[in-house]
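Listing of coords.tsv, TSV, C-alpha atoms and all ligand atoms
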chain	number	residue	atom	x	y	z
A	11	MET	CA	0.00	0.00	0.00
A	12	MET	CA	0.94	3.64	-0.12
A	13	SER	CA	3.73	4.93	2.03
A	14	GLN	CA	2.84	7.77	4.40
A	15	ASP	CA	5.00	10.50	2.93
A	16	PRO	CA	5.41	13.29	5.56
A	17	SER	CA	4.86	15.84	2.79
A	18	LEU	CA	1.21	14.66	2.60
A	19	LYS	CA	0.62	16.20	6.04
A	20	ALA	CA	2.71	19.26	5.18
A	21	ALA	CA	0.59	19.72	2.05
A	22	GLY	CA	-2.59	19.50	4.12
A	23	ASP	CA	-1.23	21.97	6.68
A	24	LEU	CA	-0.45	24.48	3.93
A	25	LEU	CA	-3.95	24.15	2.48
A	26	ARG	CA	-5.47	24.69	5.95
A	27	GLN	CA	-3.20	27.58	6.86
A	28	TYR	CA	-3.85	30.00	3.99
A	29	HIS	CA	-7.03	31.51	2.54
A	30	SER	CA	-6.63	32.77	-1.01
A	31	PHE	CA	-4.88	30.41	-3.41
A	32	LEU	CA	-3.67	30.64	-6.96
A	33	VAL	CA	-3.97	27.19	-8.53
A	34	SER	CA	-2.09	26.48	-11.74
A	35	SER	CA	-0.64	23.82	-14.01
A	36	HIS	CA	1.62	23.48	-17.04
A	37	ILE	CA	1.49	25.01	-20.51
A	38	ARG	CA	-0.62	23.04	-23.01
A	39	VAL	CA	-2.44	21.62	-20.00
A	40	ASP	CA	-3.39	17.95	-20.16
A	41	CYS	CA	-6.26	16.15	-18.47
A	42	ASP	CA	-4.23	15.29	-15.36
A	43	GLY	CA	-3.03	18.85	-14.86
A	44	LEU	CA	-6.47	20.33	-15.36
A	45	ALA	CA	-8.35	17.68	-13.36
A	46	SER	CA	-6.01	18.04	-10.39
A	47	GLU	CA	-6.52	21.83	-10.48
A	48	LEU	CA	-10.31	21.56	-10.62
A	49	ALA	CA	-10.58	18.95	-7.88
A	50	LEU	CA	-8.33	21.06	-5.68
A	51	ALA	CA	-10.37	24.20	-6.41
A	52	GLU	CA	-13.52	22.39	-5.29
A	53	LEU	CA	-11.78	21.15	-2.15
A	54	LEU	CA	-10.59	24.68	-1.30
A	55	ALA	CA	-14.09	26.07	-1.83
A	56	THR	CA	-15.48	23.37	0.47
A	57	LEU	CA	-12.90	24.37	3.09
A	58	GLY	CA	-14.19	27.96	2.81
A	59	LYS	CA	-11.18	29.26	0.88
A	60	ALA	CA	-10.77	31.21	-2.35
A	61	ALA	CA	-9.22	29.37	-5.30
A	62	HIS	CA	-8.18	31.24	-8.45
A	63	VAL	CA	-7.43	28.73	-11.20
A	64	VAL	CA	-5.14	30.57	-13.61
A	65	ASN	CA	-3.43	28.77	-16.48
A	66	PRO	CA	-0.86	29.76	-19.09
A	67	GLY	CA	-3.32	28.81	-21.86
A	68	PRO	CA	-6.94	27.89	-22.62
A	69	VAL	CA	-8.72	24.67	-21.63
A	70	PRO	CA	-8.63	22.22	-24.57
A	71	ARG	CA	-12.08	21.41	-25.88
A	72	ALA	CA	-11.74	17.73	-25.00
A	73	PHE	CA	-11.57	18.54	-21.28
A	74	ARG	CA	-14.38	21.09	-21.08
A	75	PHE	CA	-16.70	18.38	-19.74
A	76	LEU	CA	-14.85	18.55	-16.43
A	77	PRO	CA	-16.97	20.42	-13.88
A	78	GLY	CA	-15.51	23.86	-13.15
A	79	SER	CA	-13.40	24.02	-16.32
A	80	ASP	CA	-15.38	27.14	-17.34
A	81	ARG	CA	-13.94	28.98	-14.35
A	82	VAL	CA	-10.31	28.66	-15.50
A	83	THR	CA	-8.74	32.02	-16.36
A	84	VAL	CA	-5.94	32.45	-18.88
A	85	ALA	CA	-3.06	34.41	-17.28
A	86	ASP	CA	-2.74	36.93	-20.11
A	87	GLU	CA	-6.47	37.69	-19.95
A	88	LEU	CA	-6.57	38.54	-16.23
A	89	THR	CA	-8.00	42.01	-15.76
A	90	ARG	CA	-6.53	42.37	-12.27
A	91	ARG	CA	-4.27	40.32	-10.08
A	92	PRO	CA	-6.10	38.36	-7.40
A	93	ALA	CA	-4.97	38.97	-3.81
A	94	LEU	CA	-3.11	35.79	-2.91
A	95	ASP	CA	-1.52	34.32	0.17
A	96	ALA	CA	-0.42	31.00	-1.31
A	97	ALA	CA	-0.18	29.03	-4.56
A	98	VAL	CA	-0.50	25.39	-5.54
A	99	ILE	CA	1.23	24.25	-8.73
A	100	LEU	CA	0.20	20.83	-10.04
A	101	ASP	CA	1.78	18.43	-12.55
A	102	SER	CA	4.61	20.85	-13.39
A	103	PRO	CA	8.30	20.04	-12.94
A	104	ASP	CA	9.57	23.62	-12.77
A	105	TRP	CA	8.67	27.34	-12.98
A	106	GLY	CA	9.29	27.41	-16.71
A	107	ARG	CA	6.40	25.02	-17.28
A	108	ILE	CA	3.78	27.44	-15.92
A	109	GLY	CA	4.76	30.16	-18.41
A	110	THR	CA	3.38	33.62	-17.70
A	111	VAL	CA	1.59	32.46	-14.54
A	112	ALA	CA	4.93	32.62	-12.69
A	113	SER	CA	4.95	36.42	-13.04
A	114	LEU	CA	1.66	36.66	-11.08
A	115	LEU	CA	3.22	35.22	-7.94
A	116	PRO	CA	4.64	37.71	-5.43
A	117	ARG	CA	8.13	36.97	-4.14
A	118	GLY	CA	8.10	34.84	-1.01
A	119	LEU	CA	4.60	33.48	-1.60
A	120	PRO	CA	4.22	30.02	-0.01
A	121	VAL	CA	4.00	27.45	-2.82
A	122	LEU	CA	2.80	23.85	-2.70
A	123	ASN	CA	4.34	21.80	-5.52
A	124	ILE	CA	2.40	18.59	-6.29
A	125	ASP	CA	3.97	16.58	-9.09
A	126	HIS	CA	5.00	13.17	-10.38
A	127	HIS	CA	7.64	14.15	-12.97
A	128	PRO	CA	11.06	12.58	-12.26
A	129	ASP	CA	12.83	15.84	-13.20
A	130	ASN	CA	10.87	17.98	-10.72
A	131	ALA	CA	13.03	20.85	-9.41
A	132	PHE	CA	11.48	20.95	-5.91
A	133	PHE	CA	10.64	24.62	-6.42
A	134	GLY	CA	7.94	24.79	-3.75
A	135	THR	CA	7.88	25.73	-0.09
A	136	VAL	CA	6.30	22.30	0.36
A	137	ASN	CA	7.12	19.68	-2.28
A	138	LEU	CA	4.91	16.64	-2.69
A	139	VAL	CA	6.83	14.98	-5.49
A	140	ASP	CA	6.62	11.27	-6.23
A	141	PRO	CA	7.72	9.93	-9.64
A	142	GLN	CA	6.15	6.58	-8.71
A	143	ALA	CA	2.70	8.18	-8.63
A	144	SER	CA	0.69	7.63	-11.79
A	145	SER	CA	-0.51	11.20	-11.89
A	146	ALA	CA	-0.92	14.48	-10.04
A	147	CYS	CA	-4.52	13.39	-9.41
A	148	GLU	CA	-3.34	10.28	-7.57
A	149	LEU	CA	-1.12	12.50	-5.38
A	150	LEU	CA	-3.99	14.89	-4.67
A	151	TRP	CA	-6.17	11.92	-3.70
A	152	ARG	CA	-3.45	10.92	-1.20
A	153	VAL	CA	-3.44	14.45	0.25
A	154	ILE	CA	-7.21	14.30	0.68
A	155	GLY	CA	-7.06	10.88	2.37
A	156	ALA	CA	-4.09	11.64	4.64
A	157	ASN	CA	-5.69	14.85	5.92
A	158	GLY	CA	-9.29	13.73	6.29
A	159	PHE	CA	-10.48	16.25	3.71
A	160	PRO	CA	-13.93	15.75	2.14
A	161	LEU	CA	-14.19	14.07	-1.29
A	162	SER	CA	-17.37	14.80	-3.26
A	163	ALA	CA	-18.63	12.68	-6.16
A	164	THR	CA	-17.71	15.52	-8.53
A	165	MET	CA	-14.15	15.61	-7.22
A	166	ALA	CA	-13.99	11.81	-7.50
A	167	THR	CA	-15.08	11.97	-11.15
A	168	THR	CA	-12.54	14.69	-11.89
A	169	LEU	CA	-9.65	12.88	-10.18
A	170	TYR	CA	-10.60	9.65	-11.95
A	171	ALA	CA	-10.41	11.47	-15.31
A	172	GLY	CA	-6.84	12.60	-14.57
A	173	ILE	CA	-5.71	9.10	-13.61
A	174	LEU	CA	-7.46	7.44	-16.55
A	175	SER	CA	-5.87	9.88	-18.98
A	176	ASP	CA	-2.33	9.91	-17.54
A	177	THR	CA	-2.21	6.10	-17.48
A	178	GLY	CA	-3.52	5.92	-21.07
A	179	ARG	CA	-6.71	4.18	-19.87
A	180	PHE	CA	-4.66	1.97	-17.56
A	181	CYS	CA	-2.37	0.84	-20.41
A	182	PHE	CA	0.88	2.77	-19.86
A	183	SER	CA	3.64	1.44	-17.63
A	184	ASN	CA	2.61	3.81	-14.80
A	185	THR	CA	-0.51	1.64	-14.35
A	186	SER	CA	0.50	0.54	-10.86
A	187	ALA	CA	-1.54	-1.42	-8.34
A	188	GLU	CA	-1.79	1.87	-6.41
A	189	ALA	CA	-3.23	3.70	-9.41
A	190	LEU	CA	-5.85	0.99	-9.85
A	191	GLU	CA	-6.63	1.00	-6.12
A	192	VAL	CA	-7.09	4.77	-6.14
A	193	ALA	CA	-9.32	4.47	-9.20
A	194	ALA	CA	-11.44	1.86	-7.40
A	195	GLU	CA	-11.70	4.13	-4.34
A	196	LEU	CA	-12.78	6.99	-6.58
A	197	VAL	CA	-15.50	4.89	-8.20
A	198	ARG	CA	-16.66	3.95	-4.69
A	199	ALA	CA	-16.75	7.66	-3.85
A	200	GLY	CA	-19.09	8.26	-6.78
A	201	ALA	CA	-16.82	8.79	-9.79
A	202	ASP	CA	-18.73	8.29	-13.03
A	203	ALA	CA	-16.21	6.09	-14.87
A	204	VAL	CA	-18.48	5.48	-17.84
A	205	ALA	CA	-19.11	9.18	-18.46
A	206	VAL	CA	-15.41	10.02	-18.14
A	207	GLY	CA	-14.44	7.23	-20.55
A	208	ALA	CA	-16.99	8.38	-23.09
A	209	HIS	CA	-15.97	12.04	-22.85
A	210	LEU	CA	-12.27	11.27	-23.19
A	211	TYR	CA	-12.30	8.46	-25.74
A	212	GLU	CA	-15.56	8.69	-27.63
A	213	HIS	CA	-17.61	11.76	-28.53
A	214	PHE	CA	-14.97	12.64	-31.14
A	215	PRO	CA	-16.17	15.49	-33.34
A	216	GLU	CA	-16.10	14.21	-36.92
A	217	GLU	CA	-13.35	16.62	-38.02
A	218	LEU	CA	-11.08	15.38	-35.22
A	219	LEU	CA	-11.46	11.72	-36.18
A	220	ARG	CA	-10.86	12.63	-39.84
A	221	LEU	CA	-7.69	14.46	-38.81
A	222	TRP	CA	-6.66	11.37	-36.82
A	223	ALA	CA	-6.88	9.42	-40.09
A	224	ASP	CA	-4.83	12.10	-41.87
A	225	VAL	CA	-2.10	11.71	-39.25
A	226	VAL	CA	-2.16	7.91	-39.55
A	227	ALA	CA	-1.58	8.43	-43.28
A	228	THR	CA	1.65	10.36	-42.54
A	229	LEU	CA	3.19	7.53	-40.50
A	230	GLU	CA	6.54	6.30	-41.68
A	231	LEU	CA	8.34	3.26	-40.31
A	232	LEU	CA	12.11	3.45	-39.93
A	233	LEU	CA	14.97	1.37	-38.50
A	234	ASP	CA	13.34	-1.98	-39.33
A	235	GLY	CA	10.01	-0.80	-37.99
A	236	ARG	CA	11.37	0.08	-34.55
A	237	VAL	CA	10.67	3.79	-35.04
A	238	ALA	CA	7.46	5.35	-36.32
A	239	VAL	CA	7.23	9.03	-37.21
A	240	GLY	CA	4.11	11.02	-38.01
A	241	PHE	CA	3.26	14.70	-38.25
A	242	VAL	CA	0.49	17.31	-38.11
A	243	THR	CA	1.02	20.53	-40.03
A	244	ARG	CA	-0.90	23.78	-39.65
A	245	ASP	CA	-2.30	23.14	-43.10
A	246	MET	CA	-3.73	19.79	-42.01
A	247	LEU	CA	-5.36	21.49	-39.00
A	248	ARG	CA	-6.79	24.25	-41.16
A	249	ARG	CA	-8.23	21.84	-43.69
A	250	ARG	CA	-10.14	19.97	-40.95
A	251	GLY	CA	-10.95	23.03	-38.83
A	252	VAL	CA	-9.25	21.59	-35.76
A	253	SER	CA	-7.18	23.63	-33.30
A	254	GLN	CA	-3.70	22.69	-32.12
A	255	GLU	CA	-4.71	22.10	-28.49
A	256	ASP	CA	-7.24	19.44	-29.52
A	257	THR	CA	-4.52	17.14	-30.90
A	258	GLN	CA	-2.77	16.18	-27.65
A	259	ASP	CA	-3.77	12.52	-27.76
A	260	PHE	CA	-2.36	12.21	-31.27
A	261	ALA	CA	1.02	11.76	-29.60
A	262	GLU	CA	-0.01	8.15	-28.94
A	263	ILE	CA	-0.64	7.31	-32.62
A	264	PRO	CA	2.89	6.31	-33.76
A	265	ARG	CA	3.47	3.95	-30.81
A	266	MET	CA	0.21	2.12	-31.53
A	267	LEU	CA	1.95	0.17	-34.30
A	268	ALA	CA	3.17	-3.32	-33.44
A	269	GLY	CA	6.94	-3.57	-33.21
A	270	VAL	CA	7.51	0.14	-32.62
A	271	HIS	CA	9.97	0.95	-29.82
A	272	VAL	CA	9.88	4.73	-30.26
A	273	GLY	CA	6.96	6.72	-31.67
A	274	VAL	CA	7.56	10.32	-32.74
A	275	LEU	CA	4.83	12.85	-33.48
A	276	LEU	CA	5.78	16.26	-34.85
A	277	ARG	CA	3.25	19.06	-34.56
A	278	GLU	CA	3.84	22.31	-36.41
A	279	MET	CA	2.98	25.26	-34.15
A	280	ASP	CA	1.98	28.81	-35.07
A	281	ASP	CA	5.23	30.44	-34.01
A	282	GLY	CA	7.79	28.68	-36.21
A	283	MET	CA	8.28	25.99	-33.60
A	284	VAL	CA	7.63	22.27	-33.83
A	285	ASN	CA	6.25	20.35	-30.85
A	286	VAL	CA	7.88	16.93	-30.57
A	287	SER	CA	6.14	14.12	-28.67
A	288	LEU	CA	8.12	10.96	-27.98
A	289	ARG	CA	6.54	7.72	-26.80
A	290	SER	CA	8.32	4.43	-26.21
A	291	ARG	CA	7.93	0.97	-24.83
A	292	GLY	CA	10.31	-1.48	-23.21
A	293	SER	CA	13.84	-0.29	-22.52
A	294	ALA	CA	13.77	2.73	-24.83
A	295	ASN	CA	14.08	5.80	-22.60
A	296	VAL	CA	12.56	8.80	-24.36
A	297	SER	CA	13.13	11.00	-21.31
A	298	ALA	CA	16.89	10.81	-22.02
A	299	MET	CA	16.31	11.43	-25.74
A	300	ALA	CA	14.10	14.45	-25.02
A	301	ALA	CA	16.70	15.83	-22.61
A	302	ARG	CA	19.28	15.75	-25.43
A	303	LEU	CA	16.82	17.84	-27.45
A	304	GLY	CA	16.31	20.39	-24.68
A	305	GLY	CA	13.08	18.84	-23.36
A	306	GLY	CA	12.11	16.32	-20.71
A	307	GLY	CA	9.39	14.08	-19.40
A	308	HIS	CA	8.94	10.50	-18.29
A	309	TYR	CA	10.77	7.30	-19.26
A	310	HIS	CA	8.14	6.22	-21.82
A	311	ALA	CA	6.56	9.60	-22.61
A	312	ALA	CA	8.50	12.79	-23.13
A	313	GLY	CA	8.71	15.77	-25.41
A	314	THR	CA	10.37	18.97	-26.48
A	315	VAL	CA	9.74	22.02	-28.64
A	316	LEU	CA	12.26	22.91	-31.36
A	317	ALA	CA	12.57	25.79	-33.82
A	318	GLY	CA	12.46	24.93	-37.50
A	319	THR	CA	10.41	23.24	-40.17
A	320	VAL	CA	8.74	19.87	-39.66
A	321	ALA	CA	11.26	18.31	-42.08
A	322	GLY	CA	14.25	19.91	-40.36
A	323	VAL	CA	13.10	18.99	-36.85
A	324	ARG	CA	12.33	15.47	-38.06
A	325	GLU	CA	15.99	15.00	-39.08
A	326	GLN	CA	17.21	16.46	-35.78
A	327	VAL	CA	14.98	14.18	-33.72
A	328	LEU	CA	15.66	11.06	-35.76
A	329	ALA	CA	19.41	11.56	-35.38
A	330	VAL	CA	19.04	11.48	-31.59
A	331	VAL	CA	16.57	8.57	-31.60
A	332	THR	CA	18.75	6.52	-33.97
A	333	GLU	CA	21.87	7.09	-31.91
A	334	ALA	CA	20.05	6.26	-28.67
A	335	LEU	CA	18.61	3.02	-30.05
A	336	ALA	CA	22.01	2.05	-31.50
A	337	ALA	CA	23.58	2.60	-28.08
A	338	GLY	CA	20.81	0.53	-26.49
A	339	VAL	CA	19.92	3.45	-24.26
A	340	SER	CA	17.80	2.45	-21.33
A	341	ALA	CA	19.59	4.83	-18.93
A	342	ASP	CA	18.44	5.84	-15.52
A	343	GLY	CA	15.09	6.81	-14.09
A	344	GLU	CA	11.89	4.93	-13.73
A	345	GLY	CA	9.00	7.43	-13.88
A	346	GLU	CA	6.23	6.72	-16.29
A	347	GLY	CA	3.21	8.48	-17.62
A	348	LYS	CA	2.59	11.36	-19.88
A	349	GLU	CA	5.00	14.11	-20.80
B	1	MN	MN	0.53	14.17	-15.05
Just give me the structure of the file as structure tokens.
Ligand SMILES: [Mn+2]
Amino acid sequence: MMSQDPSLKAAGDLLRQYHSFLVSSHIRVDCDGLASELALAELLATLGKAAHVVNPGPVPRAFRFLPGSDRVTVADELTRRPALDAAVILDSPDWGRIGTVASLLPRGLPVLNIDHHPDNAFFGTVNLVDPQASSACELLWRVIGANGFPLSATMATTLYAGILSDTGRFCFSNTSAEALEVAAELVRAGADAVAVGAHLYEHFPEELLRLWADVVATLELLLDGRVAVGFVTRDMLRRRGVSQEDTQDFAEIPRMLAGVHVGVLLREMDDGMVNVSLRSRGSANVSAMAARLGGGGHYHAAGTVLAGTVAGVREQVLAVVTEALAAGVSADGEGEGKE
């Protein structure tokens, strides 16, 4: 069972001690980041505290079913700074990952850092960091349990969504017994697993599923089928009327092929940059590969953002992947999950 990390109590003490919180998560927020923010915001409201959920960017359409997602503010659109006496940053390894939100935080503000990335910089006043945790949502569930905080059915549904998504529907290698136990507890607490599954993995708008097919058509197999590379250009998005932030799950497409050790998805951004998602299985450590490209992440799921054209970045990434596979890189670190 779960170890009783002393930072669980410290996290609870910090939540009890202060009154007006900024709650935030990483750029290009994923389901785990957003769900952990929203569940925490509900908890803080229940405890009679103010929670300002402020993110570096907008909520992706796919996650707008999560209760409270309409109350997320984008940092650059804030009309005035909320009065704060503490902040909670979820699912983010360092300050750089919360983008412009960092500039909203007064110097010396107490910060609770809740994260499961192996490269977390322990930037908080209190750091609840566990790379063995499946997700930030699992860690938040532990905080709630260890401190006797209330858990509503809505919070349970939200936390379940984060765990389901970060474990790839309980398929990725971070699908631990603990993650499954927490999921079971959440269902017992009223989480609507069927609704969450349908919202995350069905209910695809037609244009999104058509774009999925377009991306499948770009897949190329290299190195005897051990590497698969696909891409999404701005043109492809335009043609289907899909926005960049709705393509997060596409990162999983290349690794879906049998025999693939490393899946690479290149997404052309609006600013001359290319977003690179790396997924792997077995001993292939994409966290190490991403680090060589200026990025980071987990052992089997990592990423980076590079300047250049899709074709240019493709060459750059493939050089690193090829060299790493040739060297049989499995390297250090164990963390799993999403980038
Ligand atoms: Mn996460």
### Message
How would you report the residues lying within 12 Å of ligand MN 1 (chain B), as a count of residues only, if you count all atoms listed in the file?
### Response
54
### Query
Separation of atom CA of Asp23 of chain A and atom CA of Gly78 of chain A, in Å?
24.5 Å
#### Entry: Ala51 of chain A environment, 12 Å, all atoms listed in the file, sequence neighbours closer than 3 positions dropped, as a ChimeraX atom specification
/A:25,30-34,44-48,54-64,77-79,81-82,97-100,150,161,164-165,168-169
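Distance check against Ala298 of chain A using only C-alpha atoms: of A:Ala96, A:Val331, A:Val284, A:Met266, the minimum falls on A:Val331.
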### Query
Got a sec: who's within 12 Å of segment 326-329 of chain A, counting only C-alpha atoms, leaving out chain neighbours fewer than 5 positions off, as an NGL selection string?
:A and (230-233 or 236-240 or 272-276 or 284-288 or 296 or 299-305 or 313-321 or 334-336)
For those residues, write C-alpha atoms to a file as an mmCIF file, keeping the file's coordinate frame.
data_model
loop_
_atom_site.group_PDB
_atom_site.id
_atom_site.type_symbol
_atom_site.label_atom_id
_atom_site.label_comp_id
_atom_site.auth_asym_id
_atom_site.auth_seq_id
_atom_site.Cartn_x
_atom_site.Cartn_y
_atom_site.Cartn_z
ATOM 1 C CA GLU A 230 6.540 6.300 -41.680
ATOM 2 C CA LEU A 231 8.340 3.260 -40.310
ATOM 3 C CA LEU A 232 12.110 3.450 -39.930
ATOM 4 C CA LEU A 233 14.970 1.370 -38.500
ATOM 5 C CA ARG A 236 11.370 0.080 -34.550
ATOM 6 C CA VAL A 237 10.670 3.790 -35.040
ATOM 7 C CA ALA A 238 7.460 5.350 -36.320
ATOM 8 C CA VAL A 239 7.230 9.030 -37.210
ATOM 9 C CA GLY A 240 4.110 11.020 -38.010
ATOM 10 C CA VAL A 272 9.880 4.730 -30.260
ATOM 11 C CA GLY A 273 6.960 6.720 -31.670
ATOM 12 C CA VAL A 274 7.560 10.320 -32.740
ATOM 13 C CA LEU A 275 4.830 12.850 -33.480
ATOM 14 C CA LEU A 276 5.780 16.260 -34.850
ATOM 15 C CA VAL A 284 7.630 22.270 -33.830
ATOM 16 C CA ASN A 285 6.250 20.350 -30.850
ATOM 17 C CA VAL A 286 7.880 16.930 -30.570
ATOM 18 C CA SER A 287 6.140 14.120 -28.670
ATOM 19 C CA LEU A 288 8.120 10.960 -27.980
ATOM 20 C CA VAL A 296 12.560 8.800 -24.360
ATOM 21 C CA MET A 299 16.310 11.430 -25.740
ATOM 22 C CA ALA A 300 14.100 14.450 -25.020
ATOM 23 C CA ALA A 301 16.700 15.830 -22.610
ATOM 24 C CA ARG A 302 19.280 15.750 -25.430
ATOM 25 C CA LEU A 303 16.820 17.840 -27.450
ATOM 26 C CA GLY A 304 16.310 20.390 -24.680
ATOM 27 C CA GLY A 305 13.080 18.840 -23.360
ATOM 28 C CA GLY A 313 8.710 15.770 -25.410
ATOM 29 C CA THR A 314 10.370 18.970 -26.480
ATOM 30 C CA VAL A 315 9.740 22.020 -28.640
ATOM 31 C CA LEU A 316 12.260 22.910 -31.360
ATOM 32 C CA ALA A 317 12.570 25.790 -33.820
ATOM 33 C CA GLY A 318 12.460 24.930 -37.500
ATOM 34 C CA THR A 319 10.410 23.240 -40.170
ATOM 35 C CA VAL A 320 8.740 19.870 -39.660
ATOM 36 C CA ALA A 321 11.260 18.310 -42.080
ATOM 37 C CA ALA A 334 20.050 6.260 -28.670
ATOM 38 C CA LEU A 335 18.610 3.020 -30.050
ATOM 39 C CA ALA A 336 22.010 2.050 -31.500
#
#### Entry: atom CA of Arg152 of chain A to atom CA of Phe132 of chain A, straight-line distance in Å
18.6 Å
### Message
Residues within 9 Å of Ser17 of chain A, please, as JSON, numbers by chain. Count only C-alpha atoms; anything in the same chain fewer than 5 positions from it doesn't count.
### Response
{"A": [22, 136, 137, 138, 139, 153]}
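Once segment 212-215 of chain A and its same-chain neighbours fewer than 4 positions away are set aside, Arg71, Ala72, Phe73, Phe75, Val204, Ala205, Val206, Gly207, Ala208, Leu219, Arg220, Leu221, Trp222, Arg250, Gly251, Val252, Asp256, Thr257 and Asp259 of chain A remain within 12 Å of it when counting all atoms listed in the file.
A straight line drawn from atom CA of Pro264 of chain A to atom CA of Ser290 of chain A is 9.5 Å long.
Proximity to Val226 of chain A was assessed for A:Ile263, A:Glu255, A:Ala294, A:Ala193 counting all atoms listed in the file; the smallest distance is recorded for A:Ile263.
Nearest to Asp234 of chain A of all the residues A:Phe133, A:Phe182, A:Gly269, A:Pro92 is A:Gly269, based on only C-alpha atoms.
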